[in-house]
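Have a look at data21.cif below; it lists mmCIF, C-alpha atoms.
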data_coords
loop_
_atom_site.label_atom_id
_atom_site.label_comp_id
_atom_site.auth_asym_id
_atom_site.auth_seq_id
_atom_site.Cartn_x
_atom_site.Cartn_y
_atom_site.Cartn_z
CA MET A 1 0.00 0.00 0.00
CA GLU A 2 1.19 3.42 -0.86
CA ALA A 3 1.99 5.56 2.14
CA THR A 4 0.25 8.88 2.44
CA VAL A 5 2.41 11.80 1.49
CA VAL A 6 3.29 13.55 4.72
CA LYS A 7 5.56 16.22 3.37
CA THR A 8 4.07 19.67 3.73
CA GLY A 9 6.74 21.67 2.01
CA THR A 10 7.45 23.60 5.17
CA GLU A 11 10.40 21.61 6.48
CA GLY A 12 13.03 23.83 7.93
CA LYS A 13 10.70 26.81 7.92
CA THR A 14 9.27 28.48 11.02
CA TRP A 15 5.94 26.68 10.90
CA GLY A 16 7.40 23.36 9.82
CA GLY A 17 7.32 21.96 13.34
CA GLY A 18 10.15 20.94 15.58
CA ASN A 19 10.62 24.45 16.88
CA GLN A 20 10.97 25.03 20.60
CA PRO A 21 10.30 28.73 21.02
CA LEU A 22 10.44 28.48 24.81
CA LYS A 23 13.56 26.29 24.70
CA ALA A 24 12.20 24.08 27.45
CA SER A 25 11.54 20.36 27.26
CA TYR A 26 8.02 18.98 27.36
CA GLY A 27 8.40 17.72 30.93
CA LYS A 28 9.66 21.01 32.24
CA MET A 29 6.89 22.94 30.51
CA MET A 30 4.28 20.67 32.01
CA MET A 31 5.81 21.12 35.44
CA TRP A 32 5.47 24.88 34.98
CA PHE A 33 1.87 24.43 33.86
CA PHE A 34 1.18 22.45 37.00
CA ILE A 35 2.94 24.99 39.19
CA VAL A 36 0.91 27.86 37.77
CA SER A 37 -2.37 26.05 38.38
CA ASP A 38 -1.30 24.98 41.86
CA ALA A 39 -0.23 28.54 42.64
CA LEU A 40 -3.72 29.68 41.72
CA THR A 41 -5.22 27.03 44.02
CA PHE A 42 -3.11 28.19 46.94
CA SER A 43 -3.81 31.82 46.27
CA GLY A 44 -7.52 30.99 46.24
CA PHE A 45 -7.13 29.59 49.76
CA LEU A 46 -5.04 32.49 51.01
CA ALA A 47 -7.37 35.03 49.42
CA SER A 48 -10.38 33.43 51.12
CA TYR A 49 -8.42 33.52 54.37
CA GLY A 50 -7.92 37.25 53.80
CA PHE A 51 -11.62 37.62 53.02
CA SER A 52 -12.67 35.99 56.29
CA ARG A 53 -10.09 37.90 58.22
CA PHE A 54 -11.25 41.24 56.85
CA LYS A 55 -14.79 40.18 57.62
CA PHE A 56 -13.93 39.75 61.32
CA VAL A 57 -10.98 42.10 61.35
CA ASP A 58 -11.47 43.34 64.91
CA ALA A 59 -11.92 39.87 66.37
CA TRP A 60 -9.27 37.83 64.62
CA PRO A 61 -6.57 36.07 66.65
CA ILE A 62 -2.98 37.24 66.17
CA ALA A 63 -0.59 34.42 65.37
CA ASP A 64 1.88 35.85 67.88
CA GLU A 65 -0.51 34.90 70.67
CA VAL A 66 -1.37 31.50 69.23
CA PHE A 67 1.92 29.94 68.19
CA THR A 68 4.05 30.63 71.24
CA HIS A 69 5.48 27.18 71.85
CA PHE A 70 8.83 25.60 71.19
CA PRO A 71 9.53 21.89 71.63
CA PHE A 72 11.16 20.97 74.95
CA LEU A 73 10.72 24.50 76.25
CA HIS A 74 7.63 24.30 78.40
CA GLY A 75 6.13 27.46 79.75
CA VAL A 76 8.53 29.65 77.79
CA ASP A 77 6.87 32.33 75.72
CA ALA A 78 8.51 31.92 72.32
CA PRO A 79 6.32 33.58 69.70
CA MET A 80 7.15 32.65 66.12
CA TYR A 81 10.54 31.10 66.83
CA TYR A 82 9.44 27.64 65.86
CA VAL A 83 7.79 28.77 62.65
CA ALA A 84 10.92 30.73 61.80
CA PHE A 85 12.91 27.56 62.39
CA MET A 86 10.58 25.64 60.05
CA THR A 87 10.99 28.35 57.42
CA PHE A 88 14.76 28.03 57.60
CA ILE A 89 14.55 24.25 57.32
CA LEU A 90 12.49 24.55 54.17
CA ILE A 91 14.67 27.24 52.60
CA PHE A 92 17.74 25.21 53.40
CA SER A 93 16.28 22.07 51.84
CA SER A 94 15.54 24.21 48.80
CA VAL A 95 19.20 25.17 48.69
CA THR A 96 20.36 21.55 48.86
CA MET A 97 17.87 20.72 46.11
CA VAL A 98 19.20 23.41 43.80
CA LEU A 99 22.73 22.20 44.59
CA ALA A 100 21.62 18.70 43.57
CA VAL A 101 20.24 20.10 40.30
CA ASP A 102 23.52 21.91 39.73
CA ALA A 103 25.52 18.73 40.40
CA GLY A 104 23.18 16.95 37.98
CA HIS A 105 24.05 19.41 35.22
CA LYS A 106 27.68 18.48 35.76
CA MET A 107 26.80 14.75 35.82
CA GLN A 108 28.25 14.27 39.32
CA GLN A 109 26.24 11.31 40.56
CA LYS A 110 27.78 11.15 44.06
CA LYS A 111 27.05 14.80 44.76
CA VAL A 112 23.47 14.51 43.52
CA ILE A 113 22.93 11.59 45.89
CA PHE A 114 24.37 13.53 48.83
CA TYR A 115 22.36 16.70 48.24
CA LEU A 116 19.13 14.85 47.49
CA PHE A 117 19.59 12.97 50.76
CA LEU A 118 19.90 16.27 52.67
CA THR A 119 16.82 17.58 50.87
CA ILE A 120 14.76 14.57 51.92
CA ILE A 121 15.93 14.92 55.52
CA GLY A 122 14.97 18.61 55.51
CA GLY A 123 11.53 17.83 54.11
CA ALA A 124 10.98 15.15 56.72
CA ILE A 125 11.96 17.53 59.54
CA PHE A 126 9.54 20.09 58.16
CA VAL A 127 6.61 17.66 57.99
CA GLY A 128 7.41 16.46 61.51
CA SER A 129 7.50 20.05 62.78
CA GLN A 130 4.17 20.73 61.21
CA ALA A 131 2.71 17.65 62.90
CA TRP A 132 4.04 18.94 66.22
CA GLU A 133 2.57 22.37 65.55
CA TRP A 134 -0.83 20.87 64.75
CA ASN A 135 -0.69 18.75 67.89
CA THR A 136 0.09 21.76 70.08
CA PHE A 137 -2.63 23.80 68.44
CA ILE A 138 -5.24 21.04 68.81
CA LYS A 139 -4.38 20.41 72.45
CA GLY A 140 -4.53 24.08 73.28
CA ASP A 141 -3.03 26.02 76.11
CA TYR A 142 -5.08 27.97 78.63
CA GLY A 143 -8.58 27.00 77.59
CA ALA A 144 -11.46 29.42 77.24
CA ILE A 145 -15.22 29.82 77.53
CA GLU A 146 -17.45 30.08 74.51
CA THR A 147 -20.54 32.26 74.83
CA LYS A 148 -23.98 31.47 73.49
CA GLY A 149 -23.27 33.75 70.54
CA GLY A 150 -20.13 31.83 69.64
CA GLN A 151 -17.60 34.32 71.02
CA ILE A 152 -14.49 33.28 72.89
CA VAL A 153 -13.85 34.62 76.38
CA GLN A 154 -10.39 34.14 77.88
CA PHE A 155 -9.31 34.49 81.51
CA LEU A 156 -6.69 36.81 82.95
CA ASP A 157 -5.50 37.73 86.41
CA LYS A 158 -5.31 41.33 87.59
CA GLU A 159 -1.76 41.69 86.21
CA GLY A 160 -3.03 40.85 82.75
CA GLU A 161 -1.37 37.43 82.61
CA ARG A 162 -3.35 34.59 81.05
CA VAL A 163 -4.70 32.02 83.49
CA ALA A 164 -5.43 28.43 82.56
CA LEU A 165 -8.85 26.95 83.28
CA ARG A 166 -7.32 23.99 85.12
CA ASP A 167 -5.69 26.37 87.62
CA PHE A 168 -8.87 27.88 88.98
CA ALA A 169 -11.77 25.60 88.05
CA ALA A 170 -13.52 24.24 91.13
CA ALA A 171 -13.03 20.60 91.98
CA ALA A 172 -15.56 18.32 90.36
CA THR A 173 -18.64 17.52 92.38
CA GLY A 174 -19.95 14.04 91.80
CA GLU A 175 -19.21 11.83 88.89
CA ARG A 176 -19.77 12.75 85.29
CA THR A 177 -22.66 10.77 83.86
CA GLU A 178 -22.86 10.14 80.20
CA GLN A 179 -26.15 10.55 78.39
CA THR A 180 -27.21 7.39 76.61
CA LYS A 181 -29.97 6.41 74.26
CA GLU A 182 -31.88 4.49 76.96
CA ASN A 183 -32.28 7.61 79.11
CA GLY A 184 -34.20 9.78 76.74
CA ILE A 185 -36.48 9.70 73.80
CA TRP A 186 -34.80 12.66 72.13
CA PHE A 187 -31.31 11.36 72.16
CA LYS A 188 -28.54 13.61 70.98
CA ASN A 189 -24.96 12.39 70.86
CA GLU A 190 -22.54 14.01 73.26
CA ALA A 191 -19.91 16.35 71.91
CA GLU A 192 -17.00 14.53 70.28
CA TYR A 193 -14.48 15.86 72.73
CA TYR A 194 -14.56 16.17 76.49
CA PRO A 195 -12.93 19.18 78.08
CA SER A 196 -10.98 18.38 81.24
CA VAL A 197 -13.27 20.64 83.28
CA SER A 198 -16.97 21.38 82.93
CA PHE A 199 -18.48 24.80 82.42
CA GLU A 200 -20.08 24.68 85.89
CA GLN A 201 -16.70 24.05 87.49
CA VAL A 202 -15.14 26.95 85.63
CA LYS A 203 -18.00 29.23 86.60
CA ALA A 204 -17.79 28.26 90.27
CA GLY A 205 -14.01 28.68 90.30
CA PHE A 206 -14.27 32.04 88.56
CA LEU A 207 -16.85 33.40 90.99
CA ALA A 208 -14.81 32.21 93.98
CA ASN A 209 -11.63 33.87 92.75
CA ASP A 210 -11.76 37.68 92.92
CA ASN A 211 -8.46 38.04 91.13
CA LEU A 212 -9.82 36.90 87.75
CA LEU A 213 -10.98 38.99 84.82
CA VAL A 214 -12.03 38.06 81.30
CA ARG A 215 -10.98 39.46 77.99
CA LEU A 216 -13.04 39.39 74.84
CA GLN A 217 -12.28 38.21 71.35
CA HIS A 218 -12.86 41.73 70.10
CA LYS A 219 -10.12 44.33 70.07
CA ASP A 220 -10.01 48.05 70.65
CA GLU A 221 -8.57 50.48 68.13
CA HIS A 222 -4.99 49.75 69.27
CA GLY A 223 -5.37 46.06 68.45
CA GLN A 224 -5.48 45.02 72.13
CA HIS A 225 -8.14 42.64 73.39
CA ILE A 226 -10.88 44.38 75.38
CA ILE A 227 -10.54 43.47 79.08
CA LEU A 228 -13.67 43.70 81.20
CA SER A 229 -13.88 44.87 84.81
CA ARG A 230 -14.63 42.31 87.52
CA GLU A 231 -18.37 43.12 87.55
CA GLU A 232 -18.66 43.01 83.77
CA SER A 233 -16.61 39.82 83.74
CA ILE A 234 -18.96 38.09 86.16
CA ALA A 235 -21.97 39.23 84.12
CA LYS A 236 -20.36 37.98 80.93
CA VAL A 237 -19.50 34.52 82.30
CA VAL A 238 -22.76 33.99 84.19
CA ASN A 239 -25.15 35.35 81.57
CA ASP A 240 -23.49 34.47 78.31
CA GLY A 241 -21.18 31.57 79.16
CA HIS A 242 -22.12 28.40 77.40
CA MET A 243 -19.34 25.84 77.12
CA VAL A 244 -15.68 25.13 77.78
CA VAL A 245 -13.30 25.11 74.84
CA GLU A 246 -9.85 23.61 75.12
CA GLY A 247 -7.61 23.70 72.10
CA ALA A 248 -8.94 23.96 68.58
CA ASN A 249 -10.88 21.83 66.16
CA LEU A 250 -13.06 22.54 63.16
CA HIS A 251 -15.96 23.83 65.28
CA HIS A 252 -14.40 25.54 68.28
CA ASN A 253 -11.18 27.37 68.84
CA GLU A 254 -10.00 28.61 72.21
CA TYR A 255 -7.76 31.22 70.57
CA GLY A 256 -10.58 33.07 68.85
CA HIS A 257 -12.68 32.73 65.78
CA PRO A 258 -13.24 29.10 64.67
CA LEU A 259 -12.57 30.14 61.07
CA PHE A 260 -8.97 30.82 62.07
CA ALA A 261 -8.60 27.18 63.07
CA ASP A 262 -10.42 25.98 59.95
CA PHE A 263 -8.12 27.93 57.66
CA PHE A 264 -5.08 26.93 59.66
CA PHE A 265 -5.92 23.25 59.31
CA PHE A 266 -6.86 23.56 55.68
CA ILE A 267 -4.06 25.73 54.35
CA THR A 268 -1.15 24.34 56.36
CA GLY A 269 -2.63 20.89 55.86
CA PHE A 270 -2.76 21.31 52.11
CA HIS A 271 0.75 22.68 52.12
CA GLY A 272 1.94 19.87 54.39
CA PHE A 273 0.42 17.39 51.97
CA HIS A 274 2.45 19.00 49.19
CA VAL A 275 5.60 18.68 51.28
CA LEU A 276 4.78 15.05 51.97
CA THR A 277 4.30 14.21 48.30
CA GLY A 278 7.42 16.24 47.54
CA VAL A 279 9.41 14.09 49.96
CA LEU A 280 7.98 10.93 48.37
CA ILE A 281 8.84 12.08 44.85
CA ASN A 282 12.29 13.10 46.06
CA CYS A 283 12.72 9.60 47.49
CA ILE A 284 11.83 8.01 44.14
CA ILE A 285 14.29 10.27 42.33
CA PHE A 286 16.89 9.60 45.02
CA PHE A 287 16.73 5.83 44.43
CA ASN A 288 16.76 6.35 40.67
CA VAL A 289 19.94 8.37 41.01
CA ILE A 290 21.52 5.66 43.16
CA LEU A 291 20.53 3.03 40.60
CA GLY A 292 22.16 5.13 37.92
CA THR A 293 19.02 5.64 35.84
CA TYR A 294 19.87 9.20 34.89
CA GLU A 295 23.53 8.34 34.42
CA ARG A 296 22.45 5.90 31.70
CA ARG A 297 19.93 8.34 30.30
CA GLY A 298 22.72 10.85 30.00
CA SER A 299 20.69 13.66 31.59
CA TYR A 300 19.64 14.61 35.10
CA GLU A 301 16.73 16.69 33.88
CA MET A 302 14.34 14.68 36.02
CA VAL A 303 16.08 16.01 39.13
CA GLU A 304 15.54 19.51 37.79
CA LYS A 305 11.83 18.94 37.19
CA VAL A 306 11.29 17.50 40.65
CA GLY A 307 13.40 20.35 41.96
CA LEU A 308 10.96 22.82 40.41
CA TYR A 309 8.15 21.22 42.39
CA TRP A 310 10.20 21.27 45.57
CA HIS A 311 11.07 24.95 45.19
CA PHE A 312 7.43 25.68 44.53
CA VAL A 313 6.53 24.09 47.86
CA ASP A 314 9.09 26.36 49.49
CA LEU A 315 7.69 29.33 47.60
CA VAL A 316 4.18 28.63 48.86
CA TRP A 317 5.48 28.37 52.41
CA VAL A 318 7.01 31.84 52.10
CA PHE A 319 3.51 33.16 51.43
CA VAL A 320 1.78 31.01 54.04
CA PHE A 321 4.37 32.15 56.57
CA THR A 322 3.69 35.80 55.80
CA PHE A 323 -0.07 35.70 55.64
CA PHE A 324 -0.68 33.24 58.45
CA TYR A 325 2.01 34.05 60.94
CA LEU A 326 3.31 37.55 60.31
CA VAL A 327 0.56 39.77 58.98
CA MET B 1 20.29 20.69 30.27
CA ALA B 2 23.75 22.14 30.23
CA HIS B 3 22.71 25.62 29.26
CA GLU B 4 24.46 28.63 30.71
CA HIS B 5 23.46 30.16 34.01
CA LYS B 6 23.26 33.89 34.42
CA LEU B 7 25.35 34.62 37.47
CA ALA B 8 24.59 38.26 38.24
CA ILE B 9 21.85 39.33 40.66
CA PHE B 10 20.59 42.71 41.92
CA ARG B 11 20.31 43.92 38.31
CA GLY B 12 23.89 42.99 37.59
CA THR B 13 25.53 44.72 40.55
CA LEU B 14 26.43 41.48 42.34
CA LYS B 15 28.19 38.89 40.21
CA PHE B 16 29.07 35.39 41.34
CA LYS B 17 31.92 33.28 40.03
CA SER B 18 30.01 30.03 39.82
CA ASN B 19 26.44 28.80 40.04
CA VAL B 20 27.15 27.14 43.38
CA SER B 21 28.39 30.34 44.96
CA LYS B 22 25.34 32.15 43.55
CA ILE B 23 23.09 29.61 45.26
CA TRP B 24 24.77 30.21 48.62
CA GLY B 25 24.62 33.94 48.07
CA VAL B 26 20.88 33.80 47.43
CA PHE B 27 20.44 31.59 50.49
CA PHE B 28 22.27 34.21 52.55
CA ILE B 29 19.99 36.99 51.24
CA LEU B 30 16.84 34.95 51.87
CA SER B 31 17.99 34.16 55.41
CA ILE B 32 18.61 37.81 56.22
CA VAL B 33 15.19 38.79 54.89
CA THR B 34 13.55 36.03 56.94
CA ILE B 35 15.37 37.16 60.10
CA ILE B 36 14.20 40.75 59.50
CA GLU B 37 10.63 39.51 59.04
CA VAL B 38 10.65 37.45 62.22
CA ALA B 39 12.24 40.27 64.22
CA LEU B 40 9.62 42.75 62.98
CA GLY B 41 6.90 40.19 63.70
CA ILE B 42 8.03 39.86 67.31
CA ILE B 43 8.79 43.53 68.02
CA ARG B 44 5.85 45.01 66.07
CA PRO B 45 7.05 48.64 66.24
CA ASP B 46 4.24 50.98 67.29
CA PHE B 47 4.85 53.41 64.47
CA LEU B 48 4.45 50.73 61.80
CA VAL B 49 1.38 49.23 63.48
CA ASP B 50 -0.46 52.51 64.01
CA HIS B 51 0.06 54.05 60.57
CA ARG B 52 -1.75 52.83 57.53
CA PHE B 53 -1.40 53.03 53.80
CA LEU B 54 -4.26 51.95 51.52
CA ALA B 55 -6.17 50.36 54.43
CA LEU B 56 -3.23 48.17 55.45
CA LYS B 57 -0.80 48.71 58.30
CA LEU B 58 2.66 49.84 57.20
CA LEU B 59 4.08 46.76 58.91
CA ASN B 60 1.95 44.51 56.72
CA TRP B 61 3.07 46.35 53.61
CA ILE B 62 6.67 45.70 54.66
CA PHE B 63 5.90 42.02 55.15
CA ILE B 64 4.24 41.78 51.75
CA LEU B 65 7.12 43.53 49.99
CA LEU B 66 9.72 41.35 51.72
CA THR B 67 7.69 38.26 50.80
CA LEU B 68 7.57 39.27 47.15
CA PHE B 69 11.31 39.94 47.32
CA LYS B 70 11.90 36.41 48.64
CA ALA B 71 9.51 34.93 46.09
CA TYR B 72 11.42 36.69 43.33
CA TYR B 73 14.76 35.17 44.32
CA ILE B 74 13.32 31.71 44.89
CA THR B 75 11.70 31.75 41.45
CA TRP B 76 14.53 33.47 39.59
CA ASP B 77 17.51 31.65 41.06
CA PHE B 78 16.27 28.41 42.60
CA MET B 79 13.73 27.66 39.90
CA HIS B 80 16.08 29.05 37.23
CA MET B 81 13.56 31.52 35.86
CA ARG B 82 16.51 33.82 35.18
CA ASP B 83 17.77 31.35 32.58
CA GLU B 84 14.46 30.73 30.82
CA THR B 85 13.28 32.52 27.68
CA ASN B 86 11.23 35.71 27.97
CA GLY B 87 8.19 33.88 26.62
CA LEU B 88 8.12 31.21 29.28
CA ARG B 89 8.89 33.68 32.04
CA ARG B 90 6.12 36.06 31.05
CA ALA B 91 3.59 33.29 30.47
CA VAL B 92 4.11 32.11 34.04
CA ILE B 93 4.66 35.34 35.94
CA TRP B 94 2.26 37.75 34.26
CA THR B 95 -0.59 35.24 34.32
CA THR B 96 -0.25 34.40 38.00
CA LEU B 97 0.45 37.96 39.10
CA PHE B 98 -2.58 39.31 37.27
CA LEU B 99 -5.03 36.60 38.38
CA ILE B 100 -3.87 36.55 41.99
CA SER B 101 -3.88 40.29 42.54
CA TYR B 102 -7.29 40.53 40.87
CA LEU B 103 -8.77 37.86 43.14
CA VAL B 104 -7.14 39.19 46.30
CA VAL B 105 -8.21 42.78 45.75
CA LEU B 106 -11.81 41.81 45.02
CA LEU B 107 -12.10 39.46 47.99
CA LEU B 108 -10.51 41.87 50.45
CA ILE B 109 -12.81 44.71 49.40
CA GLU B 110 -15.78 42.39 49.76
CA GLY B 111 -14.61 41.19 53.18
CA ASP B 112 -14.19 44.75 54.38
CA TYR B 113 -17.68 45.60 53.14
CA ILE B 114 -19.20 42.71 55.10
CA TYR B 115 -17.28 43.84 58.17
CA GLU B 116 -18.91 47.25 57.87
CA VAL B 117 -22.33 45.61 57.54
CA TYR B 118 -21.73 43.66 60.75
CA LYS B 119 -20.50 46.70 62.56
CA ILE B 120 -23.15 49.17 61.53
CA GLY B 121 -26.12 46.91 60.90
CA PHE B 122 -28.08 44.84 63.34
CA ILE B 123 -26.86 41.47 62.28
CA LYS B 124 -25.87 38.66 64.61
CA PHE B 125 -22.17 37.71 64.80
CA ASN B 126 -22.55 34.42 62.94
CA PHE B 127 -25.19 34.91 60.32
#

Encoded form using structure tokens:
Amino acid sequence: MEATVVKTGTEGKTWGGGNQPLKASYGKMMMWFFIVSDALTFSGFLASYGFSRFKFVDAWPIADEVFTHFPFLHGVDAPMYYVAFMTFILIFSSVTMVLAVDAGHKMQQKKVIFYLFLTIIGGAIFVGSQAWEWNTFIKGDYGAIETKGGQIVQFLDKEGERVALRDFAAAATGERTEQTKENGIWFKNEAEYYPSVSFEQVKAGFLANDNLLVRLQHKDEHGQHIILSREESIAKVVNDGHMVVEGANLHHNEYGHPLFADFFFFITGFHGFHVLTGVLINCIIFFNVILGTYERRGSYEMVEKVGLYWHFVDLVWVFVFTFFYLV
Amino acid sequence: MAHEHKLAIFRGTLKFKSNVSKIWGVFFILSIVTIIEVALGIIRPDFLVDHRFLALKLLNWIFILLTLFKAYYITWDFMHMRDETNGLRRAVIWTTLFLISYLVVLLLIEGDYIYEVYKIGFIKFNF
């Protein structure tokens, strides 16, 4: 059978095909495509965070007051230090990655292995740090009271220092009984989490302790939380108090607005998932380099493409760091 | 991909001898910027917190500018955008910059409007 004539008469001309106007390989171009679309996804999340924050701008928790912990340093007020440490870890693993890419250009297999290894370690430390940060955030610190209207009320002593619920709540009276289906026709499941003290205990302890004041979620024009007088505090707790909140979950957040916790879990979670997949992809590439796959292929471009993804993860963290922790 | 790296940063004022030394140089710059950010975040100078420009605190403007500065060097030197063709660079940067700033500006204006409604109107906290 006669083959179809495929010549178009444009060989060697501009529109004859085979041109690479962007001088980038297919794989690299597609990685850039992906990065652009992923950047838009992340900016959608961060923009909606900004939307919600502007919506409740005078009642939004400041990250300085929320993320004040450092591993192994209990009771030390260390705002931001741990996040700064995480940022450095990620930037540094970005540096080792770009060094691996550079070694790949020079076809130095040993160096690529070494730098990729450091990159993977850095990524693992970062994911671990984020897990620790989540754990601390979920467990909470001082505890707070949520009012019927969904506002958070936190406790202070007269010097303005925060006081933890467990330090002043009255001792429990009687045993806690759990509601079960047999006891009522209109059965409603209990809340998923049990605070260590009940609202009644907190109320009794608060009334018995003249030294305690409350501060509101809302802030005055200087960005300081509004602190109520003793009389107003009592009125607030007795009239409006509704439940005890310890730590943060998707519905309640002892640090302030529940949306803050929701966005924190969602955005850092989505970013952490990117880091996790980045570490996995780095591991695959790492073993390929050890096996000599790219040595045989004659090009370490795969390391460069994965490197693009890894730097993108770092890039996103730079923005998350600014808009979640600094601003 | 053994194409040449451009080794000068800061619009050509700082030249590095090799790509490796450029990487360490950029790391050094990024570290300094991060330290400045963290220090400002902890100190929160009163002047920068109390004064505003275009509805944002001066401090937040500084954070945003420093973040864009860091993003520039990560993209240009770590992701090798400096070595790509103009076409690829513009396709990526202009698209994202335009779409993101568009979205952010619209959403922030809308959020601020709803805040005013809450504050002035008689609407419950969680409607």

Check: which chain B residues lie within 7 Å of chain A using only C-alpha atoms, as a PyMOL selection string: chain B and resi 1-2+20+23+27+38+41-42+60+63+67+71+74+78-79+85+87-88+92+96+100+104+107-108+111-112+114-115

Å distance separating atom CA of A:Asn211 from atom CA of A:Glu159, one decimal place: 9.1 Å

Sel. within 12 Å of pt (22.2, 35.2, 36.3), counting all atoms listed in the file, output as a PyMOL selection string: chain B and resi 3-23+26+73+76-84

For the residues selected in the previous step, produce a file with C-alpha atoms as a PDB file, in the coordinates of the input.
ATOM      1  CA  HIS B   3      22.710  25.620  29.260  1.00  0.00           C
ATOM      2  CA  GLU B   4      24.460  28.630  30.710  1.00  0.00           C
ATOM      3  CA  HIS B   5      23.460  30.160  34.010  1.00  0.00           C
ATOM      4  CA  LYS B   6      23.260  33.890  34.420  1.00  0.00           C
ATOM      5  CA  LEU B   7      25.350  34.620  37.470  1.00  0.00           C
ATOM      6  CA  ALA B   8      24.590  38.260  38.240  1.00  0.00           C
ATOM      7  CA  ILE B   9      21.850  39.330  40.660  1.00  0.00           C
ATOM      8  CA  PHE B  10      20.590  42.710  41.920  1.00  0.00           C
ATOM      9  CA  ARG B  11      20.310  43.920  38.310  1.00  0.00           C
ATOM     10  CA  GLY B  12      23.890  42.990  37.590  1.00  0.00           C
ATOM     11  CA  THR B  13      25.530  44.720  40.550  1.00  0.00           C
ATOM     12  CA  LEU B  14      26.430  41.480  42.340  1.00  0.00           C
ATOM     13  CA  LYS B  15      28.190  38.890  40.210  1.00  0.00           C
ATOM     14  CA  PHE B  16      29.070  35.390  41.340  1.00  0.00           C
ATOM     15  CA  LYS B  17      31.920  33.280  40.030  1.00  0.00           C
ATOM     16  CA  SER B  18      30.010  30.030  39.820  1.00  0.00           C
ATOM     17  CA  ASN B  19      26.440  28.800  40.040  1.00  0.00           C
ATOM     18  CA  VAL B  20      27.150  27.140  43.380  1.00  0.00           C
ATOM     19  CA  SER B  21      28.390  30.340  44.960  1.00  0.00           C
ATOM     20  CA  LYS B  22      25.340  32.150  43.550  1.00  0.00           C
ATOM     21  CA  ILE B  23      23.090  29.610  45.260  1.00  0.00           C
ATOM     22  CA  VAL B  26      20.880  33.800  47.430  1.00  0.00           C
ATOM     23  CA  TYR B  73      14.760  35.170  44.320  1.00  0.00           C
ATOM     24  CA  TRP B  76      14.530  33.470  39.590  1.00  0.00           C
ATOM     25  CA  ASP B  77      17.510  31.650  41.060  1.00  0.00           C
ATOM     26  CA  PHE B  78      16.270  28.410  42.600  1.00  0.00           C
ATOM     27  CA  MET B  79      13.730  27.660  39.900  1.00  0.00           C
ATOM     28  CA  HIS B  80      16.080  29.050  37.230  1.00  0.00           C
ATOM     29  CA  MET B  81      13.560  31.520  35.860  1.00  0.00           C
ATOM     30  CA  ARG B  82      16.510  33.820  35.180  1.00  0.00           C
ATOM     31  CA  ASP B  83      17.770  31.350  32.580  1.00  0.00           C
ATOM     32  CA  GLU B  84      14.460  30.730  30.820  1.00  0.00           C
TER      33      GLU B  84
END

Coordinates-based distance that separates atom CA of A:Arg215 from atom CA of A:Ser233 (Å, one decimal): 8.1 Å

Explicit residues for the PyMOL selection byres ((chain A and resi 126) around 9) (as a VMD selection string): chain A and resid 86 to 87 89 to 90 121 to 125 127 to 131 272 275

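Computed from the coordinates, the atom CA of B:Tyr113 to atom CA of A:His225 distance equals 22.6 Å.
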
Resolved residues for the PyMOL selection byres ((chain A and resi 138-142) around 7) as a ChimeraX atom specification: /A:134-137,143-144,163-165,246-249

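Applied to this file, the PyMOL selection byres ((chain A and resi 240-242) around 8) selects the residues Ile145, Glu146, Thr147, Lys148, Gly149, Phe199, Ala235, Lys236, Val237, Val238, Asn239, Met243 and Val244 of chain A.
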
Pick from B:Val117, B:Ile35, B:Ile109, B:Leu40, whichever lies nearest to B:Leu56 using all atoms listed in the file: B:Ile109

Residue among A:Phe287, A:Leu207, A:Val214, A:Ala100 lying closest to A:Val112, counting all atoms listed in the file: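 Nearest to A:Val112: A:Ala100.
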
Could you pull stretch 56-75 of chain B out of the structure just shown and give C-alpha atoms as an mmCIF file, in the first residue's frame?
data_model
loop_
_atom_site.group_PDB
_atom_site.id
_atom_site.type_symbol
_atom_site.label_atom_id
_atom_site.label_comp_id
_atom_site.auth_asym_id
_atom_site.auth_seq_id
_atom_site.Cartn_x
_atom_site.Cartn_y
_atom_site.Cartn_z
ATOM 1 C CA LEU B 56 -3.228 48.168 55.451
ATOM 2 C CA LYS B 57 -0.797 48.710 58.297
ATOM 3 C CA LEU B 58 2.660 49.843 57.202
ATOM 4 C CA LEU B 59 4.076 46.756 58.909
ATOM 5 C CA ASN B 60 1.945 44.510 56.720
ATOM 6 C CA TRP B 61 3.075 46.348 53.610
ATOM 7 C CA ILE B 62 6.671 45.705 54.663
ATOM 8 C CA PHE B 63 5.895 42.017 55.154
ATOM 9 C CA ILE B 64 4.238 41.780 51.750
ATOM 10 C CA LEU B 65 7.116 43.534 49.993
ATOM 11 C CA LEU B 66 9.722 41.351 51.717
ATOM 12 C CA THR B 67 7.693 38.265 50.798
ATOM 13 C CA LEU B 68 7.575 39.275 47.147
ATOM 14 C CA PHE B 69 11.307 39.945 47.325
ATOM 15 C CA LYS B 70 11.900 36.410 48.636
ATOM 16 C CA ALA B 71 9.509 34.925 46.090
ATOM 17 C CA TYR B 72 11.417 36.694 43.326
ATOM 18 C CA TYR B 73 14.756 35.168 44.318
ATOM 19 C CA ILE B 74 13.319 31.708 44.889
ATOM 20 C CA THR B 75 11.700 31.754 41.449
#
